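Quick look at structure-v7.tsv (TSV, C-alpha atoms):
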chain	number	residue	atom	x	y	z
A	262	MET	CA	30.79	105.86	102.98
A	263	THR	CA	31.69	102.37	104.13
A	264	THR	CA	30.50	100.92	100.81
A	265	HIS	CA	32.61	103.40	98.83
A	266	THR	CA	35.71	102.61	100.88
A	267	SER	CA	35.07	98.87	100.52
A	268	SER	CA	34.66	99.19	96.74
A	269	ALA	CA	37.79	101.30	96.44
A	270	THR	CA	39.77	98.75	98.45
A	271	ALA	CA	38.41	95.92	96.30
A	272	GLU	CA	39.30	97.71	93.09
A	273	GLU	CA	42.82	98.31	94.34
A	274	ALA	CA	43.19	94.60	95.09
A	275	ILE	CA	41.77	93.65	91.67
A	276	ARG	CA	44.11	96.00	89.80
A	277	ALA	CA	46.99	94.49	91.76
A	278	LEU	CA	46.28	91.12	90.10
A	279	TRP	CA	47.18	92.58	86.69
A	280	GLU	CA	50.20	94.34	88.19
A	281	THR	CA	51.38	90.95	89.46
A	282	MET	CA	50.93	89.49	85.98
A	283	ALA	CA	53.03	92.28	84.50
A	284	ARG	CA	55.80	91.74	87.08
A	285	GLY	CA	55.82	88.01	86.42
A	286	TRP	CA	55.97	88.59	82.66
A	287	ALA	CA	58.86	91.08	82.94
A	288	ALA	CA	60.79	88.64	85.14
A	289	GLY	CA	60.02	85.65	82.92
A	290	ASP	CA	58.51	84.07	86.05
A	291	ALA	CA	55.55	81.93	84.97
A	292	ALA	CA	54.67	80.98	88.56
A	293	LEU	CA	54.40	84.63	89.58
A	294	PHE	CA	52.35	85.42	86.47
A	295	ALA	CA	49.96	82.55	87.23
A	296	ALA	CA	49.62	83.49	90.91
A	297	SER	CA	46.80	85.92	90.04
A	298	PHE	CA	44.59	83.03	88.89
A	299	ALA	CA	42.56	80.59	90.97
A	300	GLU	CA	43.77	77.02	91.04
A	301	ASP	CA	40.78	75.91	88.93
A	302	CYS	CA	40.53	79.09	86.81
A	303	ASP	CA	38.55	78.75	83.58
A	304	PHE	CA	41.13	80.30	81.24
A	305	THR	CA	40.68	80.69	77.47
A	306	THR	CA	43.62	81.82	75.33
A	307	VAL	CA	43.47	83.97	72.20
A	308	ARG	CA	43.64	80.73	70.16
A	309	GLY	CA	40.69	79.17	71.97
A	310	ASP	CA	42.85	76.76	73.98
A	311	LYS	CA	41.82	76.03	77.57
A	312	PRO	CA	44.81	75.14	79.76
A	313	PRO	CA	43.87	73.20	82.90
A	314	GLY	CA	43.69	75.80	85.65
A	315	ARG	CA	46.61	77.64	87.23
A	316	ALA	CA	49.04	74.80	86.53
A	317	GLY	CA	48.20	74.91	82.82
A	318	ILE	CA	48.46	78.70	82.72
A	319	GLU	CA	51.89	78.51	84.34
A	320	ALA	CA	53.12	75.77	82.00
A	321	GLY	CA	51.90	77.58	78.89
A	322	HIS	CA	53.49	80.88	79.86
A	323	ALA	CA	56.73	79.18	80.90
A	324	THR	CA	57.01	78.03	77.28
A	325	LEU	CA	56.21	81.51	75.96
A	326	PHE	CA	58.82	83.10	78.24
A	327	ARG	CA	61.47	80.67	76.93
A	328	THR	CA	60.58	81.09	73.27
A	329	GLN	CA	58.77	83.77	71.28
A	330	TYR	CA	58.22	86.19	74.20
A	331	ALA	CA	61.59	85.81	75.92
A	332	GLY	CA	62.77	89.18	77.22
A	333	THR	CA	59.49	90.98	76.45
A	334	ARG	CA	57.33	92.94	78.87
A	335	LEU	CA	53.58	93.19	79.37
A	336	ASP	CA	51.72	96.48	79.73
A	337	ALA	CA	48.46	95.44	81.44
A	338	ARG	CA	45.67	97.97	82.01
A	339	VAL	CA	42.39	97.36	83.84
A	340	THR	CA	39.82	99.43	81.94
A	341	ALA	CA	36.57	98.59	83.76
A	342	ILE	CA	35.39	96.91	86.95
A	343	ARG	CA	31.76	96.08	87.67
A	344	HIS	CA	30.82	94.76	91.11
A	345	LEU	CA	28.14	92.09	90.71
A	346	ARG	CA	27.85	91.65	94.47
A	347	PRO	CA	30.24	91.99	97.42
A	348	GLY	CA	33.23	89.78	96.70
A	349	LEU	CA	32.52	89.21	92.99
A	350	ALA	CA	33.30	91.47	90.02
A	351	THR	CA	33.71	91.41	86.26
A	352	VAL	CA	36.88	92.99	84.94
A	353	GLU	CA	37.86	94.24	81.50
A	354	ALA	CA	41.55	94.67	80.74
A	355	GLU	CA	43.76	95.49	77.79
A	356	SER	CA	47.33	94.26	77.47
A	357	THR	CA	50.15	94.99	75.06
A	358	ILE	CA	53.29	92.91	74.70
A	359	HIS	CA	56.39	94.99	73.99
A	360	ALA	CA	59.72	93.82	72.58
A	361	THR	CA	62.97	94.76	74.30
A	362	ASP	CA	63.23	97.86	72.11
A	363	GLY	CA	59.69	98.94	73.02
A	364	THR	CA	58.07	97.85	69.78
A	365	PRO	CA	54.48	96.62	70.39
A	366	LEU	CA	54.16	92.98	69.30
A	367	ALA	CA	50.53	92.16	70.11
A	368	SER	CA	47.56	93.59	71.98
A	369	THR	CA	44.70	91.75	73.65
A	370	HIS	CA	41.41	92.48	75.37
A	371	ALA	CA	40.31	90.23	78.23
A	372	LEU	CA	37.04	89.79	80.07
A	373	ALA	CA	37.55	88.23	83.49
A	374	ILE	CA	35.69	87.39	86.68
A	375	ALA	CA	37.47	88.10	89.95
A	376	GLU	CA	36.43	86.76	93.35
A	377	ARG	CA	37.44	87.70	96.88
A	378	THR	CA	38.98	84.64	98.48
A	379	GLY	CA	39.79	85.96	101.96
A	380	THR	CA	42.02	88.42	103.78
A	381	HIS	CA	45.67	88.50	104.74
A	382	ASN	CA	46.81	90.85	107.52
A	383	GLY	CA	43.98	93.22	106.69
A	384	PRO	CA	43.89	93.58	102.87
A	385	ASP	CA	41.36	91.56	100.86
A	386	LEU	CA	42.71	88.74	98.72
A	387	TRP	CA	41.26	88.33	95.24
A	388	GLN	CA	41.84	85.82	92.46
A	389	ILE	CA	40.73	85.52	88.85
A	390	ILE	CA	38.31	82.62	88.50
A	391	ALA	CA	37.52	83.03	84.79
A	392	PHE	CA	39.51	84.73	82.02
A	393	HIS	CA	38.76	84.97	78.30
A	394	ASN	CA	41.45	86.59	76.16
A	395	ASN	CA	40.94	88.02	72.66
A	396	MET	CA	43.53	89.27	70.20
A	397	LEU	CA	42.88	92.81	69.00
A	398	THR	CA	43.10	93.41	65.27
A	399	PRO	CA	45.39	96.23	64.06
A	400	THR	CA	42.37	98.54	63.67
A	401	GLN	CA	41.32	97.82	67.27
A	402	ASN	CA	44.83	98.07	68.67
A	403	PRO	CA	44.92	100.97	71.12
A	404	THR	CA	48.70	101.16	70.98
A	405	PRO	CA	49.92	103.66	68.38
A	406	THR	CA	52.29	102.22	65.83
A	407	PRO	CA	55.35	104.10	64.56
A	408	LYS	CA	54.81	106.01	61.35
A	409	PRO	CA	56.73	104.56	58.39
A	410	GLU	CA	59.72	106.43	57.06
A	411	PRO	CA	58.80	108.53	54.02
A	412	GLU	CA	59.81	106.88	50.79
A	413	ALA	CA	62.08	108.62	48.32
A	414	PRO	CA	60.13	109.89	45.31
A	415	THR	CA	60.38	107.73	42.24
A	416	GLU	CA	60.21	108.72	38.63
A	417	PRO	CA	57.06	107.67	36.79
A	418	ALA	CA	57.53	104.70	34.49
A	419	LYS	CA	58.30	105.69	30.97
A	420	GLU	CA	55.93	104.52	28.29
A	421	THR	CA	56.91	103.23	24.92
A	422	ALA	CA	54.73	104.29	22.05
A	423	GLY	CA	51.71	102.01	21.86
A	424	THR	CA	52.65	100.16	25.08
A	425	PRO	CA	50.65	100.95	28.22
A	426	THR	CA	52.39	101.24	31.55
A	427	GLN	CA	52.25	97.95	33.52
A	428	PRO	CA	50.12	98.23	36.65
A	429	THR	CA	51.85	97.84	39.97
A	430	HIS	CA	51.07	94.76	42.07
A	431	PRO	CA	48.79	95.47	45.02
A	432	THR	CA	50.16	94.88	48.47
A	433	HIS	CA	49.06	91.73	50.25
A	434	PRO	CA	45.91	92.21	52.34
A	435	ALA	CA	46.00	91.51	56.04
A	436	HIS	CA	45.62	87.82	56.85
A	437	PRO	CA	41.89	87.24	57.44
A	438	THR	CA	40.35	85.14	60.15
A	439	HIS	CA	39.22	82.76	57.42
A	440	PRO	CA	41.55	82.35	54.42
A	441	ALA	CA	40.41	83.54	51.00
A	442	HIS	CA	41.21	80.07	49.68
A	443	PRO	CA	42.06	76.82	51.53
A	444	LYS	CA	45.52	76.70	53.09
A	445	LEU	CA	47.43	73.62	54.18
A	446	ARG	CA	48.04	74.31	57.88
A	447	HIS	CA	48.28	70.96	59.66
A	448	LEU	CA	50.23	67.69	59.63
A	449	ALA	CA	49.77	64.75	62.02
A	450	ILE	CA	52.29	62.01	62.81
A	451	VAL	CA	51.63	58.94	64.96
A	452	ALA	CA	54.65	58.62	67.26
A	453	ARG	CA	55.94	56.14	69.84
A	454	ASP	CA	57.25	58.93	72.10
A	455	PRO	CA	55.53	62.26	71.33
A	456	GLU	CA	57.32	64.08	74.18
A	457	ASN	CA	60.76	63.14	72.87
A	458	LEU	CA	59.76	64.00	69.31
A	459	ALA	CA	58.32	67.34	70.44
A	460	GLU	CA	61.59	68.15	72.20
A	461	PHE	CA	63.44	67.26	68.99
A	462	TYR	CA	61.38	69.63	66.81
A	463	SER	CA	61.42	72.35	69.50
A	464	SER	CA	65.18	72.30	69.98
A	465	VAL	CA	66.23	71.82	66.35
A	466	PHE	CA	63.57	73.87	64.53
A	467	SER	CA	62.37	76.22	67.34
A	468	MET	CA	58.78	75.01	67.06
A	469	GLU	CA	56.47	76.04	69.90
A	470	LEU	CA	54.61	73.45	71.97
A	471	PHE	CA	51.12	74.94	72.40
A	472	HIS	CA	48.97	72.00	73.50
A	473	ARG	CA	49.41	68.62	75.21
A	474	ASP	CA	46.75	65.92	75.55
A	475	PRO	CA	46.43	63.81	78.72
A	476	ASP	CA	47.71	60.76	76.79
A	477	GLY	CA	50.95	62.59	75.94
A	478	SER	CA	50.10	63.68	72.39
A	479	CYS	CA	51.86	66.98	71.63
A	480	PHE	CA	50.93	69.84	69.31
A	481	LEU	CA	53.54	72.26	67.97
A	482	SER	CA	53.59	75.18	65.56
A	483	ASP	CA	56.13	77.09	63.52
A	484	GLY	CA	53.76	80.06	63.29
A	485	HIS	CA	52.23	78.88	60.01
A	486	LEU	CA	51.67	75.12	60.22
A	487	SER	CA	50.75	72.98	63.21
A	488	LEU	CA	52.34	69.59	63.78
A	489	ALA	CA	50.39	67.01	65.80
A	490	LEU	CA	52.47	64.23	67.35
A	491	ILE	CA	49.84	61.63	68.25
A	492	LYS	CA	50.61	59.01	70.87
A	493	HIS	CA	50.68	55.51	69.34
A	494	ARG	CA	48.36	53.03	71.01
A	495	LEU	CA	49.90	49.62	71.46
A	496	ASP	CA	46.46	48.01	71.30
A	497	GLY	CA	45.42	49.91	68.17
A	498	ASP	CA	45.92	49.22	64.48
A	499	THR	CA	46.98	52.74	63.46
A	500	PRO	CA	50.49	52.54	61.96
A	501	LEU	CA	53.34	54.79	63.00
A	502	GLY	CA	54.30	57.71	60.78
A	503	MET	CA	52.32	60.22	58.72
A	504	ASN	CA	48.62	59.99	59.55
A	505	HIS	CA	46.71	62.94	58.08
A	506	PHE	CA	46.92	66.61	57.12
A	507	GLY	CA	44.51	69.52	57.42
A	508	PHE	CA	43.21	72.56	55.55
A	509	HIS	CA	42.14	75.88	57.03
A	510	ILE	CA	39.03	76.79	55.04
A	511	ALA	CA	36.56	79.68	54.85
A	512	ASP	CA	33.29	77.79	54.28
A	513	THR	CA	32.67	74.21	55.38
A	514	ALA	CA	29.43	73.87	53.41
A	515	ALA	CA	31.02	75.06	50.15
A	516	THR	CA	34.06	72.81	50.60
A	517	SER	CA	31.84	69.82	51.43
A	518	ALA	CA	29.76	70.43	48.31
A	519	ALA	CA	32.91	70.59	46.17
A	520	LEU	CA	34.14	67.27	47.64
A	521	VAL	CA	30.81	65.53	47.03
A	522	GLU	CA	30.73	66.90	43.47
A	523	ARG	CA	34.11	65.25	42.86
A	524	GLY	CA	32.78	61.91	44.10
A	525	ALA	CA	34.17	62.00	47.65
A	526	ASP	CA	32.10	61.22	50.72
A	527	LYS	CA	30.61	64.13	52.60
A	528	PRO	CA	33.04	65.19	55.38
A	529	ALA	CA	32.16	63.72	58.77
A	530	GLU	CA	31.94	65.89	61.87
A	531	ARG	CA	34.65	65.11	64.40
A	532	PHE	CA	33.70	64.92	68.06
A	533	THR	CA	36.86	65.79	69.96
A	534	ASN	CA	37.88	67.85	72.98
A	535	ARG	CA	40.61	69.51	70.91
A	536	PRO	CA	39.58	72.95	69.61
A	537	PHE	CA	41.23	72.40	66.22
A	538	ALA	CA	39.64	70.38	63.41
A	539	GLU	CA	35.88	70.08	63.00
A	540	TYR	CA	35.54	67.71	60.02
A	541	ARG	CA	37.39	64.70	58.58
A	542	ALA	CA	37.35	63.73	54.89
A	543	MET	CA	39.20	61.44	52.48
A	544	ASP	CA	40.69	61.94	49.03
A	545	PRO	CA	40.18	59.45	46.12
A	546	GLU	CA	43.22	57.39	47.17
A	547	GLY	CA	42.23	57.02	50.82
A	548	ASN	CA	44.33	59.80	52.39
A	549	TRP	CA	42.65	61.38	55.39
A	550	PHE	CA	42.53	65.13	55.90
A	551	ASP	CA	40.87	67.53	58.34
A	552	LEU	CA	38.85	70.68	57.60
A	553	SER	CA	38.68	73.60	60.00
A	554	GLU	CA	37.19	77.08	59.74
A	555	HIS	CA	38.86	78.40	62.90
A	556	GLY	CA	42.35	77.04	62.25
A	557	PHE	CA	44.61	74.55	63.96
A	558	GLY	CA	46.00	76.43	66.95
A	559	GLY	CA	49.50	77.77	67.49
A	560	PRO	CA	50.81	81.29	66.90
A	561	ARG	CA	49.09	83.37	64.28
A	562	PRO	CA	50.84	83.55	60.89
A	563	PRO	CA	52.22	86.87	59.66
A	564	ALA	CA	49.76	89.20	57.98
A	565	ASP	CA	51.03	88.44	54.48
A	566	ALA	CA	51.04	84.65	54.86

Output the file's structure in the form of structure tokens.
Amino acid sequence: MTTHTSSATAEEAIRALWETMARGWAAGDAALFAASFAEDCDFTTVRGDKPPGRAGIEAGHATLFRTQYAGTRLDARVTAIRHLRPGLATVEAESTIHATDGTPLASTHALAIAERTGTHNGPDLWQIIAFHNNMLTPTQNPTPTPKPEPEAPTEPAKETAGTPTQPTHPTHPAHPTHPAHPKLRHLAIVARDPENLAEFYSSVFSMELFHRDPDGSCFLSDGHLSLALIKHRLDGDTPLGMNHFGFHIADTAATSAALVERGADKPAERFTNRPFAEYRAMDPEGNWFDLSEHGFGGPRPPADA
């Protein structure tokens, strides 16, 4: 009986973490949202980014609350809790972001690890020590979407003698994880002051800052293309200005073979702590470009991009 009561109390405290996240989201309070996470939480976003602990989680969500998710609310639901041992549990949760009019904007599924960190005036205190978020595809989305308005009937196309009716154009398929053909998704500029330049593009063109390197390099996105503002090194020989661009591709091996067939060097693997580009190549006139199968970060493009 004691074990049951203890487990029930723990589950109540764990579910309260997601309730706190939802309150912080609704209030646009990034600090309150991040309060559910441990200071050194291992957090992975839906784009594969890993903000540095609670401070990084707070900073990233502060940007979201000012920009694309301003005024939205979060419906967070804990769907499963498994107690690994007293004071440690895995948690599965589903979340849906709703616009001000109630329209669902995005849904995610998260796998987290929660740990009891102490007590406060009786109740147990828990924090999330690891959190991996995944975007649900439309077919996985548990939130029902409104049915489209019925279209007015149209008259069939009339045929002229000897002339077949023209086929209608198919609708665009949903945007795949890997593009059907390479897409230009990335530009990189070497800048004296990346922070100032990032503020310029954010304020004038509403681009979203989604990653910042320790050296001050900033990464922004307009939802389709990412813009890397790379900090210029005074002791380096890399010139200021446009540096390289990048393609989102479906098959690295096939693209590499096509480059070699055209006389280019085989793309070289990039060893970097940024989860964006995996390979670097060069065109016949010496212009550098990156190749990435998983994309270049930033918000996902619309389905018909």

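Close contacts of region 515-517 of chain A, defined as residues with an atom at most 12 Å away when counting all atoms listed in the file, with chain neighbours fewer than 2 positions off set aside, comprise His442, Pro443, Phe508, His509, Ile510, Ala511, Asp512, Thr513, Ala519, Leu520, Val521, Glu522, Arg523, Gly524, Ala525, Asp526, Lys527, Pro528, Ala529, Glu530, Tyr540, Arg541, Ala542, Met543, Asp551, Leu552, Ser553 and Glu554 of chain A.
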
Would you save the residues from that selection as an mmCIF file, in the coordinates of the input, using C-alpha atoms?
data_model
loop_
_atom_site.group_PDB
_atom_site.id
_atom_site.type_symbol
_atom_site.label_atom_id
_atom_site.label_comp_id
_atom_site.auth_asym_id
_atom_site.auth_seq_id
_atom_site.Cartn_x
_atom_site.Cartn_y
_atom_site.Cartn_z
ATOM 1 C CA HIS A 442 41.210 80.070 49.680
ATOM 2 C CA PRO A 443 42.060 76.820 51.530
ATOM 3 C CA PHE A 508 43.210 72.560 55.550
ATOM 4 C CA HIS A 509 42.140 75.880 57.030
ATOM 5 C CA ILE A 510 39.030 76.790 55.040
ATOM 6 C CA ALA A 511 36.560 79.680 54.850
ATOM 7 C CA ASP A 512 33.290 77.790 54.280
ATOM 8 C CA THR A 513 32.670 74.210 55.380
ATOM 9 C CA ALA A 519 32.910 70.590 46.170
ATOM 10 C CA LEU A 520 34.140 67.270 47.640
ATOM 11 C CA VAL A 521 30.810 65.530 47.030
ATOM 12 C CA GLU A 522 30.730 66.900 43.470
ATOM 13 C CA ARG A 523 34.110 65.250 42.860
ATOM 14 C CA GLY A 524 32.780 61.910 44.100
ATOM 15 C CA ALA A 525 34.170 62.000 47.650
ATOM 16 C CA ASP A 526 32.100 61.220 50.720
ATOM 17 C CA LYS A 527 30.610 64.130 52.600
ATOM 18 C CA PRO A 528 33.040 65.190 55.380
ATOM 19 C CA ALA A 529 32.160 63.720 58.770
ATOM 20 C CA GLU A 530 31.940 65.890 61.870
ATOM 21 C CA TYR A 540 35.540 67.710 60.020
ATOM 22 C CA ARG A 541 37.390 64.700 58.580
ATOM 23 C CA ALA A 542 37.350 63.730 54.890
ATOM 24 C CA MET A 543 39.200 61.440 52.480
ATOM 25 C CA ASP A 551 40.870 67.530 58.340
ATOM 26 C CA LEU A 552 38.850 70.680 57.600
ATOM 27 C CA SER A 553 38.680 73.600 60.000
ATOM 28 C CA GLU A 554 37.190 77.080 59.740
#

Report task. Determine the nearest neighbour of Asp310 (chain A) from the options A:Asp474, A:Asp290, A:Glu273, A:Asp362, counting all atoms listed in the file. Result -> A:Asp474

Query raised in the report: For Ala299 (chain A), which residue among A:Ile318, A:Leu345, A:Ala452, A:Ala489 is the nearest when counting only C-alpha atoms?
Result: A:Ile318

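The residue that comes closest to Met503 (chain A), out of A:Trp549, A:Phe480, A:Tyr330, A:Phe557 and on the basis of all atoms listed in the file, is A:Trp549.
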
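Separating CA of Arg284 (chain A) from CA of Arg346 (chain A) is a distance of 28.9 Å.
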
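For the atom pair formed by CA of Thr333 (chain A) and CA of Glu456 (chain A), the distance is 27.1 Å, given to one decimal.
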
Using the atoms already present, construct N, CA and C atoms for region 278-302 of chain A and hand them back as a PDB file, in the frame of the given file.
ATOM      1  N   LEU A 278      46.132  92.414  90.765  1.00  0.00           N
ATOM      2  CA  LEU A 278      46.280  91.120  90.100  1.00  0.00           C
ATOM      3  C   LEU A 278      46.970  91.296  88.751  1.00  0.00           C
ATOM      4  N   TRP A 279      46.567  92.328  87.996  1.00  0.00           N
ATOM      5  CA  TRP A 279      47.180  92.580  86.690  1.00  0.00           C
ATOM      6  C   TRP A 279      48.603  93.127  86.843  1.00  0.00           C
ATOM      7  N   GLU A 280      48.843  93.872  87.922  1.00  0.00           N
ATOM      8  CA  GLU A 280      50.200  94.340  88.190  1.00  0.00           C
ATOM      9  C   GLU A 280      51.122  93.162  88.480  1.00  0.00           C
ATOM     10  N   THR A 281      50.599  92.160  89.188  1.00  0.00           N
ATOM     11  CA  THR A 281      51.380  90.950  89.460  1.00  0.00           C
ATOM     12  C   THR A 281      51.684  90.209  88.164  1.00  0.00           C
ATOM     13  N   MET A 282      50.693  90.130  87.282  1.00  0.00           N
ATOM     14  CA  MET A 282      50.930  89.490  85.980  1.00  0.00           C
ATOM     15  C   MET A 282      52.052  90.184  85.224  1.00  0.00           C
ATOM     16  N   ALA A 283      52.014  91.509  85.223  1.00  0.00           N
ATOM     17  CA  ALA A 283      53.030  92.280  84.500  1.00  0.00           C
ATOM     18  C   ALA A 283      54.408  92.060  85.105  1.00  0.00           C
ATOM     19  N   ARG A 284      54.506  91.995  86.436  1.00  0.00           N
ATOM     20  CA  ARG A 284      55.800  91.740  87.080  1.00  0.00           C
ATOM     21  C   ARG A 284      56.311  90.346  86.739  1.00  0.00           C
ATOM     22  N   GLY A 285      55.417  89.365  86.761  1.00  0.00           N
ATOM     23  CA  GLY A 285      55.820  88.010  86.420  1.00  0.00           C
ATOM     24  C   GLY A 285      56.298  87.907  84.985  1.00  0.00           C
ATOM     25  N   TRP A 286      55.590  88.602  84.083  1.00  0.00           N
ATOM     26  CA  TRP A 286      55.970  88.590  82.660  1.00  0.00           C
ATOM     27  C   TRP A 286      57.358  89.204  82.484  1.00  0.00           C
ATOM     28  N   ALA A 287      57.581  90.381  83.089  1.00  0.00           N
ATOM     29  CA  ALA A 287      58.860  91.080  82.940  1.00  0.00           C
ATOM     30  C   ALA A 287      60.019  90.244  83.476  1.00  0.00           C
ATOM     31  N   ALA A 288      59.751  89.475  84.536  1.00  0.00           N
ATOM     32  CA  ALA A 288      60.790  88.640  85.140  1.00  0.00           C
ATOM     33  C   ALA A 288      60.923  87.286  84.462  1.00  0.00           C
ATOM     34  N   GLY A 289      60.018  86.978  83.521  1.00  0.00           N
ATOM     35  CA  GLY A 289      60.020  85.650  82.920  1.00  0.00           C
ATOM     36  C   GLY A 289      59.663  84.575  83.939  1.00  0.00           C
ATOM     37  N   ASP A 290      58.878  84.960  84.947  1.00  0.00           N
ATOM     38  CA  ASP A 290      58.510  84.070  86.050  1.00  0.00           C
ATOM     39  C   ASP A 290      57.063  83.614  85.853  1.00  0.00           C
ATOM     40  N   ALA A 291      56.897  82.417  85.282  1.00  0.00           N
ATOM     41  CA  ALA A 291      55.550  81.930  84.970  1.00  0.00           C
ATOM     42  C   ALA A 291      54.737  81.669  86.232  1.00  0.00           C
ATOM     43  N   ALA A 292      55.394  81.253  87.315  1.00  0.00           N
ATOM     44  CA  ALA A 292      54.670  80.980  88.560  1.00  0.00           C
ATOM     45  C   ALA A 292      54.106  82.274  89.133  1.00  0.00           C
ATOM     46  N   LEU A 293      54.892  83.348  89.085  1.00  0.00           N
ATOM     47  CA  LEU A 293      54.400  84.630  89.580  1.00  0.00           C
ATOM     48  C   LEU A 293      53.273  85.141  88.691  1.00  0.00           C
ATOM     49  N   PHE A 294      53.409  84.995  87.384  1.00  0.00           N
ATOM     50  CA  PHE A 294      52.350  85.420  86.470  1.00  0.00           C
ATOM     51  C   PHE A 294      51.055  84.676  86.789  1.00  0.00           C
ATOM     52  N   ALA A 295      51.157  83.369  87.013  1.00  0.00           N
ATOM     53  CA  ALA A 295      49.960  82.550  87.230  1.00  0.00           C
ATOM     54  C   ALA A 295      49.368  82.711  88.619  1.00  0.00           C
ATOM     55  N   ALA A 296      50.095  83.364  89.534  1.00  0.00           N
ATOM     56  CA  ALA A 296      49.620  83.490  90.910  1.00  0.00           C
ATOM     57  C   ALA A 296      48.330  84.296  91.018  1.00  0.00           C
ATOM     58  N   SER A 297      48.024  85.113  90.010  1.00  0.00           N
ATOM     59  CA  SER A 297      46.800  85.920  90.040  1.00  0.00           C
ATOM     60  C   SER A 297      45.548  85.089  89.778  1.00  0.00           C
ATOM     61  N   PHE A 298      45.726  83.850  89.311  1.00  0.00           N
ATOM     62  CA  PHE A 298      44.590  83.030  88.890  1.00  0.00           C
ATOM     63  C   PHE A 298      44.275  81.961  89.943  1.00  0.00           C
ATOM     64  N   ALA A 299      42.983  81.652  90.068  1.00  0.00           N
ATOM     65  CA  ALA A 299      42.560  80.590  90.970  1.00  0.00           C
ATOM     66  C   ALA A 299      43.095  79.246  90.475  1.00  0.00           C
ATOM     67  N   GLU A 300      43.213  78.332  91.386  1.00  0.00           N
ATOM     68  CA  GLU A 300      43.770  77.020  91.040  1.00  0.00           C
ATOM     69  C   GLU A 300      42.968  76.343  89.934  1.00  0.00           C
ATOM     70  N   ASP A 301      41.641  76.534  89.939  1.00  0.00           N
ATOM     71  CA  ASP A 301      40.780  75.910  88.930  1.00  0.00           C
ATOM     72  C   ASP A 301      40.242  76.943  87.941  1.00  0.00           C
ATOM     73  N   CYS A 302      40.991  78.012  87.693  1.00  0.00           N
ATOM     74  CA  CYS A 302      40.530  79.090  86.810  1.00  0.00           C
ATOM     75  C   CYS A 302      40.135  78.569  85.437  1.00  0.00           C
TER      76      CYS A 302
END
